[in-house]
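Have a look at the structure below, then the notes.
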Amino acid sequence: MRVAVTGTPGTGKTTATELVDSDLETVHLNDAIREEELHDGADEERGSLYANFDAIRQWLDEQGDGGDDLLVDSHLAHHFDAEKVVVLRCHPEALRERLLERGETDAKAEENAESEALDVILSESVGEHGTESVYEIDTTDRAPDAVASDIVAVIEGEREPSAGTVDYLEYL
């Protein structure tokens with residue numbers, strides 16, 4: 001089984017997946033994109049890399065058990081094959097603060113907060129995987145170990161799909 005853990009930057013994906021106790025091999029995709037050079041260069045203005053989706057797809061298929069038994073963490077994870085997609089969510093105001101605390105610019109923090117309010121990653125996840133495969137988890141004011149436990153519940157089939165249960169439109 002391949003499980004994607006996705007969400008707007010700052011929602012707690014890496015922190016939570018590092019605490020997940022399962023038989024799945026955890027892949028921090030953003031690290032792999034840098035380390036394995038799975039990109040087509042850098043966007044200097046935005047401080048990011050242009051991910052090469054074809055190279056990433058091939059690399060993922062070579063990991064673990066032929067691409068299976070993976071827990072893939074990244075704001076891009078939902079763009080790749082997965083049986084289940086966990087979308088971590090965070091209230092845009094709290095998200096903005098998290099991003100500023102880790103050194104992001106005001107512009108980047110605000111852009112991500114607005115994306116969160118508009119359900120951008122949730123919408124993409126549902127569009128690519130369908131509502132029956134998407135699980136929303138609100139991380140606002142929650143401890144990382146509690147979020148990790150919710151991810152384990154998804155992996156083990158103890159949680160029902162829940163796309164569309166979190167709403168932050170009032171932020172806009």
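Going through the structure tokens in order, the chains are called A, B, and so on, while each chain numbers its residues from 1 and the ligands are numbered from 1 in the order shown.
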
For Leu24 of chain A, work out the shell of residues within 7 Å, counting only C-alpha atoms and skipping chain neighbours fewer than 3 positions away, then give it as a count of residues only.
-> 3

Quick one: everything within 7 Å of segment 113-117 of chain A, counting only C-alpha atoms, minus sequence neighbours fewer than 4 positions away in the same chain. Send it as a list in words.
-> Thr8, Pro92, Glu93, Leu95, Arg96, Ala109, Tyr168, Leu169, Tyr171 and Leu172 of chain A

Write the residues of the selection above to a file with N, CA and C atoms, as a PDB file, in the first residue's frame.
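Everything below was put into part_36.pdb:
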```pdb
ATOM      1  N   THR A   8      -0.631  21.857   2.652  1.00  0.00           N
ATOM      2  CA  THR A   8       0.075  23.111   2.454  1.00  0.00           C
ATOM      3  C   THR A   8       1.344  23.112   3.308  1.00  0.00           C
ATOM      4  N   PRO A  92      -5.521  28.912   8.591  1.00  0.00           N
ATOM      5  CA  PRO A  92      -4.590  29.803   7.900  1.00  0.00           C
ATOM      6  C   PRO A  92      -3.838  30.782   8.809  1.00  0.00           C
ATOM      7  N   GLU A  93      -4.482  31.296   9.844  1.00  0.00           N
ATOM      8  CA  GLU A  93      -3.771  32.218  10.745  1.00  0.00           C
ATOM      9  C   GLU A  93      -2.642  31.492  11.465  1.00  0.00           C
ATOM     10  N   LEU A  95      -1.229  28.704  10.462  1.00  0.00           N
ATOM     11  CA  LEU A  95      -0.285  28.299   9.418  1.00  0.00           C
ATOM     12  C   LEU A  95       0.666  29.441   9.080  1.00  0.00           C
ATOM     13  N   ARG A  96       0.111  30.617   8.901  1.00  0.00           N
ATOM     14  CA  ARG A  96       0.926  31.800   8.594  1.00  0.00           C
ATOM     15  C   ARG A  96       1.978  32.021   9.678  1.00  0.00           C
ATOM     16  N   ALA A 109       4.364  33.298   3.298  1.00  0.00           N
ATOM     17  CA  ALA A 109       3.466  32.849   4.373  1.00  0.00           C
ATOM     18  C   ALA A 109       2.017  33.197   4.032  1.00  0.00           C
ATOM     19  N   TYR A 168     -12.030  26.741   6.030  1.00  0.00           N
ATOM     20  CA  TYR A 168     -11.342  27.940   6.515  1.00  0.00           C
ATOM     21  C   TYR A 168     -11.650  29.162   5.656  1.00  0.00           C
ATOM     22  N   LEU A 169     -12.753  29.146   4.915  1.00  0.00           N
ATOM     23  CA  LEU A 169     -13.062  30.253   4.025  1.00  0.00           C
ATOM     24  C   LEU A 169     -13.209  31.587   4.754  1.00  0.00           C
ATOM     25  N   TYR A 171     -11.314  32.938   6.630  1.00  0.00           N
ATOM     26  CA  TYR A 171     -10.017  33.617   6.654  1.00  0.00           C
ATOM     27  C   TYR A 171      -9.936  34.674   5.552  1.00  0.00           C
ATOM     28  N   LEU A 172     -10.580  34.390   4.439  1.00  0.00           N
ATOM     29  CA  LEU A 172     -10.520  35.309   3.302  1.00  0.00           C
ATOM     30  C   LEU A 172     -11.478  36.435   3.553  1.00  0.00           C
TER      31      LEU A 172
END
```

Rank nothing, just name the residue among A:Leu99, A:Ile137, A:Ala42, A:Ile33 nearest to Asp54 of chain A, using only C-alpha atoms.
->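 Checking each of A:Leu99, A:Ile137, A:Ala42, A:Ile33 against Asp54 of chain A, counting only C-alpha atoms, the winner is A:Ile33.
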
Which residue, A:Ala148, A:Thr165, A:Asn52, A:Asn112, has the smallest gap to Val20 of chain A when you use only C-alpha atoms?
-> A:Ala148

What are the closest atom pairs, with distances in Å to one decimal, for each residue of segment 75-159 of chain A lying within 12 Å of segment 62-67 of chain A, using only C-alpha atoms, rows by chain and rising residue number, as CSV?
```
residue,atom,partner,partner_atom,distance
A:Phe80,CA,A:Gly67,CA,10.9
A:Asp81,CA,A:Gly67,CA,9.3
A:Ala82,CA,A:Gly67,CA,9.9
A:Glu83,CA,A:Gly67,CA,11.9
```

Identify, with DSSP run on backbone atoms, the residues in segment 8-131 of chain A assigned to helix (DSSP H, G or I), and express the list as a PyMOL selection string.
-> chain A and resi 13-17+29-35+53-61+77-79+92-101+106-117+120-129+131

Take atom CA of Asp21 of chain A and atom CA of Glu101 of chain A and report the distance between them in Å, one decimal.
-> 27.8 Å

Rank nothing, just name the residue among A:His79, A:Arg102, A:Arg159, A:Arg46 nearest to His129 of chain A, using only C-alpha atoms.
->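 Closest to His129 of chain A, using only C-alpha atoms: A:His79.
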
Tell me which of A:Glu128, A:Asp61, A:Glu37, A:Asp141 sits closest to Ala94 of chain A, counting only C-alpha atoms.
-> A:Asp141

Report as an mmCIF file with all heavy atoms, in the first residue's frame all protein, DNA and RNA residues lying within 10 Å of His78 of chain A, evaluated on only C-alpha atoms, omitting residues in the same chain fewer than 5 positions from it.
```
data_model
loop_
_atom_site.group_PDB
_atom_site.id
_atom_site.type_symbol
_atom_site.label_atom_id
_atom_site.label_comp_id
_atom_site.auth_asym_id
_atom_site.auth_seq_id
_atom_site.Cartn_x
_atom_site.Cartn_y
_atom_site.Cartn_z
ATOM 1 N N VAL A 3 0.656 5.306 0.831
ATOM 2 C CA VAL A 3 -0.148 6.359 1.456
ATOM 3 C C VAL A 3 0.598 7.677 1.272
ATOM 4 O O VAL A 3 1.778 7.776 1.598
ATOM 5 C CB VAL A 3 -0.376 6.083 2.958
ATOM 6 C CG1 VAL A 3 -1.134 7.230 3.609
ATOM 7 C CG2 VAL A 3 -1.121 4.763 3.146
ATOM 8 N N ALA A 4 -0.103 8.670 0.754
ATOM 9 C CA ALA A 4 0.461 10.005 0.590
ATOM 10 C C ALA A 4 -0.007 10.869 1.749
ATOM 11 O O ALA A 4 -1.190 10.873 2.088
ATOM 12 C CB ALA A 4 -0.005 10.610 -0.725
ATOM 13 N N VAL A 5 0.920 11.594 2.350
ATOM 14 C CA VAL A 5 0.578 12.596 3.361
ATOM 15 C C VAL A 5 0.953 13.932 2.754
ATOM 16 O O VAL A 5 2.124 14.212 2.510
ATOM 17 C CB VAL A 5 1.307 12.364 4.699
ATOM 18 C CG1 VAL A 5 0.964 13.466 5.696
ATOM 19 C CG2 VAL A 5 0.943 10.995 5.269
ATOM 20 N N THR A 6 -0.053 14.754 2.491
ATOM 21 C CA THR A 6 0.134 16.000 1.781
ATOM 22 C C THR A 6 -0.505 17.134 2.564
ATOM 23 O O THR A 6 -1.132 16.919 3.603
ATOM 24 C CB THR A 6 -0.428 15.884 0.346
ATOM 25 O OG1 THR A 6 -0.030 17.034 -0.417
ATOM 26 C CG2 THR A 6 -1.937 15.732 0.331
ATOM 27 N N GLY A 7 -0.357 18.324 2.069
ATOM 28 C CA GLY A 7 -0.930 19.501 2.711
ATOM 29 C C GLY A 7 -0.077 20.716 2.396
ATOM 30 O O GLY A 7 1.068 20.597 1.951
ATOM 31 N N VAL A 72 4.472 8.482 1.871
ATOM 32 C CA VAL A 72 5.147 9.556 1.152
ATOM 33 C C VAL A 72 4.680 10.906 1.682
ATOM 34 O O VAL A 72 3.497 11.224 1.627
ATOM 35 C CB VAL A 72 4.879 9.461 -0.364
ATOM 36 C CG1 VAL A 72 5.631 10.560 -1.116
ATOM 37 C CG2 VAL A 72 5.254 8.090 -0.899
ATOM 38 N N ASP A 73 5.632 11.689 2.192
ATOM 39 C CA ASP A 73 5.352 12.995 2.794
ATOM 40 C C ASP A 73 5.841 14.111 1.886
ATOM 41 O O ASP A 73 7.021 14.160 1.544
ATOM 42 C CB ASP A 73 6.059 13.039 4.166
ATOM 43 C CG ASP A 73 6.614 14.394 4.550
ATOM 44 O OD1 ASP A 73 5.924 15.401 4.329
ATOM 45 O OD2 ASP A 73 7.741 14.453 5.071
ATOM 46 N N LYS A 84 -4.323 5.746 -0.508
ATOM 47 C CA LYS A 84 -4.951 6.661 0.441
ATOM 48 C C LYS A 84 -4.156 7.958 0.446
ATOM 49 O O LYS A 84 -2.929 7.946 0.374
ATOM 50 C CB LYS A 84 -4.960 6.062 1.855
ATOM 51 C CG LYS A 84 -5.788 4.784 1.936
ATOM 52 C CD LYS A 84 -5.746 4.191 3.336
ATOM 53 C CE LYS A 84 -6.583 2.908 3.369
ATOM 54 N NZ LYS A 84 -6.660 2.362 4.727
ATOM 55 N N VAL A 85 -4.886 9.080 0.554
ATOM 56 C CA VAL A 85 -4.249 10.392 0.589
ATOM 57 C C VAL A 85 -4.722 11.117 1.850
ATOM 58 O O VAL A 85 -5.913 11.375 2.015
ATOM 59 C CB VAL A 85 -4.593 11.233 -0.653
ATOM 60 C CG1 VAL A 85 -3.952 12.609 -0.575
ATOM 61 C CG2 VAL A 85 -4.174 10.502 -1.921
ATOM 62 N N VAL A 86 -3.781 11.397 2.739
ATOM 63 C CA VAL A 86 -4.066 12.131 3.967
ATOM 64 C C VAL A 86 -3.696 13.590 3.711
ATOM 65 O O VAL A 86 -2.549 13.886 3.375
ATOM 66 C CB VAL A 86 -3.251 11.576 5.153
ATOM 67 C CG1 VAL A 86 -3.503 12.400 6.404
ATOM 68 C CG2 VAL A 86 -3.569 10.108 5.380
ATOM 69 N N VAL A 87 -4.678 14.481 3.859
ATOM 70 C CA VAL A 87 -4.442 15.906 3.659
ATOM 71 C C VAL A 87 -4.438 16.569 5.035
ATOM 72 O O VAL A 87 -5.468 16.628 5.705
ATOM 73 C CB VAL A 87 -5.522 16.547 2.769
ATOM 74 C CG1 VAL A 87 -5.222 18.036 2.565
ATOM 75 C CG2 VAL A 87 -5.616 15.836 1.421
ATOM 76 N N ILE A 121 -4.880 22.228 -1.993
ATOM 77 C CA ILE A 121 -4.337 20.865 -2.009
ATOM 78 C C ILE A 121 -5.440 19.836 -1.817
ATOM 79 O O ILE A 121 -5.430 18.780 -2.460
ATOM 80 C CB ILE A 121 -3.193 20.716 -0.990
ATOM 81 C CG1 ILE A 121 -1.992 21.504 -1.529
ATOM 82 C CG2 ILE A 121 -2.853 19.249 -0.741
ATOM 83 C CD1 ILE A 121 -0.726 21.408 -0.736
ATOM 84 N N LEU A 122 -6.433 20.149 -0.996
ATOM 85 C CA LEU A 122 -7.569 19.229 -0.852
ATOM 86 C C LEU A 122 -8.264 19.039 -2.197
ATOM 87 O O LEU A 122 -8.551 17.903 -2.601
ATOM 88 C CB LEU A 122 -8.562 19.756 0.185
ATOM 89 C CG LEU A 122 -9.842 18.940 0.294
ATOM 90 C CD1 LEU A 122 -9.556 17.551 0.857
ATOM 91 C CD2 LEU A 122 -10.871 19.666 1.135
ATOM 92 N N GLU A 124 -7.067 19.459 -5.240
ATOM 93 C CA GLU A 124 -6.216 18.679 -6.142
ATOM 94 C C GLU A 124 -6.241 17.205 -5.761
ATOM 95 O O GLU A 124 -6.309 16.335 -6.644
ATOM 96 C CB GLU A 124 -4.780 19.194 -6.083
ATOM 97 C CG GLU A 124 -4.579 20.562 -6.696
ATOM 98 C CD GLU A 124 -3.167 21.099 -6.522
ATOM 99 O OE1 GLU A 124 -2.331 20.481 -5.825
ATOM 100 O OE2 GLU A 124 -2.897 22.164 -7.114
ATOM 101 N N SER A 125 -6.218 16.912 -4.477
ATOM 102 C CA SER A 125 -6.219 15.522 -4.001
ATOM 103 C C SER A 125 -7.496 14.808 -4.397
ATOM 104 O O SER A 125 -7.461 13.670 -4.884
ATOM 105 C CB SER A 125 -6.034 15.485 -2.480
ATOM 106 O OG SER A 125 -4.790 16.027 -2.119
ATOM 107 N N VAL A 126 -8.626 15.456 -4.179
ATOM 108 C CA VAL A 126 -9.916 14.863 -4.550
ATOM 109 C C VAL A 126 -10.005 14.703 -6.063
ATOM 110 O O VAL A 126 -10.458 13.672 -6.560
ATOM 111 C CB VAL A 126 -11.089 15.701 -3.999
ATOM 112 C CG1 VAL A 126 -12.411 15.273 -4.612
ATOM 113 C CG2 VAL A 126 -11.141 15.610 -2.478
ATOM 114 N N GLY A 127 -9.519 15.695 -6.799
ATOM 115 C CA GLY A 127 -9.544 15.619 -8.260
ATOM 116 C C GLY A 127 -8.735 14.457 -8.803
ATOM 117 O O GLY A 127 -9.115 13.828 -9.786
ATOM 118 N N GLU A 128 -7.609 14.144 -8.154
ATOM 119 C CA GLU A 128 -6.742 13.065 -8.635
ATOM 120 C C GLU A 128 -7.077 11.695 -8.062
ATOM 121 O O GLU A 128 -6.800 10.680 -8.691
ATOM 122 C CB GLU A 128 -5.276 13.409 -8.338
ATOM 123 C CG GLU A 128 -4.815 14.602 -9.156
ATOM 124 C CD GLU A 128 -3.320 14.778 -9.186
ATOM 125 O OE1 GLU A 128 -2.600 13.763 -9.181
ATOM 126 O OE2 GLU A 128 -2.883 15.943 -9.239
ATOM 127 N N HIS A 129 -7.666 11.666 -6.864
ATOM 128 C CA HIS A 129 -7.866 10.373 -6.182
ATOM 129 C C HIS A 129 -9.316 10.067 -5.819
ATOM 130 O O HIS A 129 -9.616 8.936 -5.440
ATOM 131 C CB HIS A 129 -6.998 10.309 -4.917
ATOM 132 C CG HIS A 129 -5.541 10.409 -5.215
ATOM 133 N ND1 HIS A 129 -4.778 9.325 -5.593
ATOM 134 C CD2 HIS A 129 -4.703 11.473 -5.223
ATOM 135 C CE1 HIS A 129 -3.536 9.714 -5.809
ATOM 136 N NE2 HIS A 129 -3.464 11.012 -5.594
ATOM 137 N N VAL A 134 -9.582 10.100 0.158
ATOM 138 C CA VAL A 134 -8.984 11.282 0.783
ATOM 139 C C VAL A 134 -9.471 11.435 2.220
ATOM 140 O O VAL A 134 -10.664 11.336 2.503
ATOM 141 C CB VAL A 134 -9.294 12.551 -0.040
ATOM 142 C CG1 VAL A 134 -8.751 13.796 0.648
ATOM 143 C CG2 VAL A 134 -8.705 12.422 -1.449
#
```

Looking at only C-alpha atoms, which of A:Ala153, A:Ala146, A:Trp59, A:Val120 is the one that sits closest to Glu35 of chain A?
->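 Among the listed residues, A:Trp59 lies closest to Glu35 of chain A.
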
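You can rank A:Pro161, A:Leu76, A:Pro9, A:Thr15 by their closest distance to Ala143 of chain A using only C-alpha atoms, and at the top of that list sits A:Thr15.
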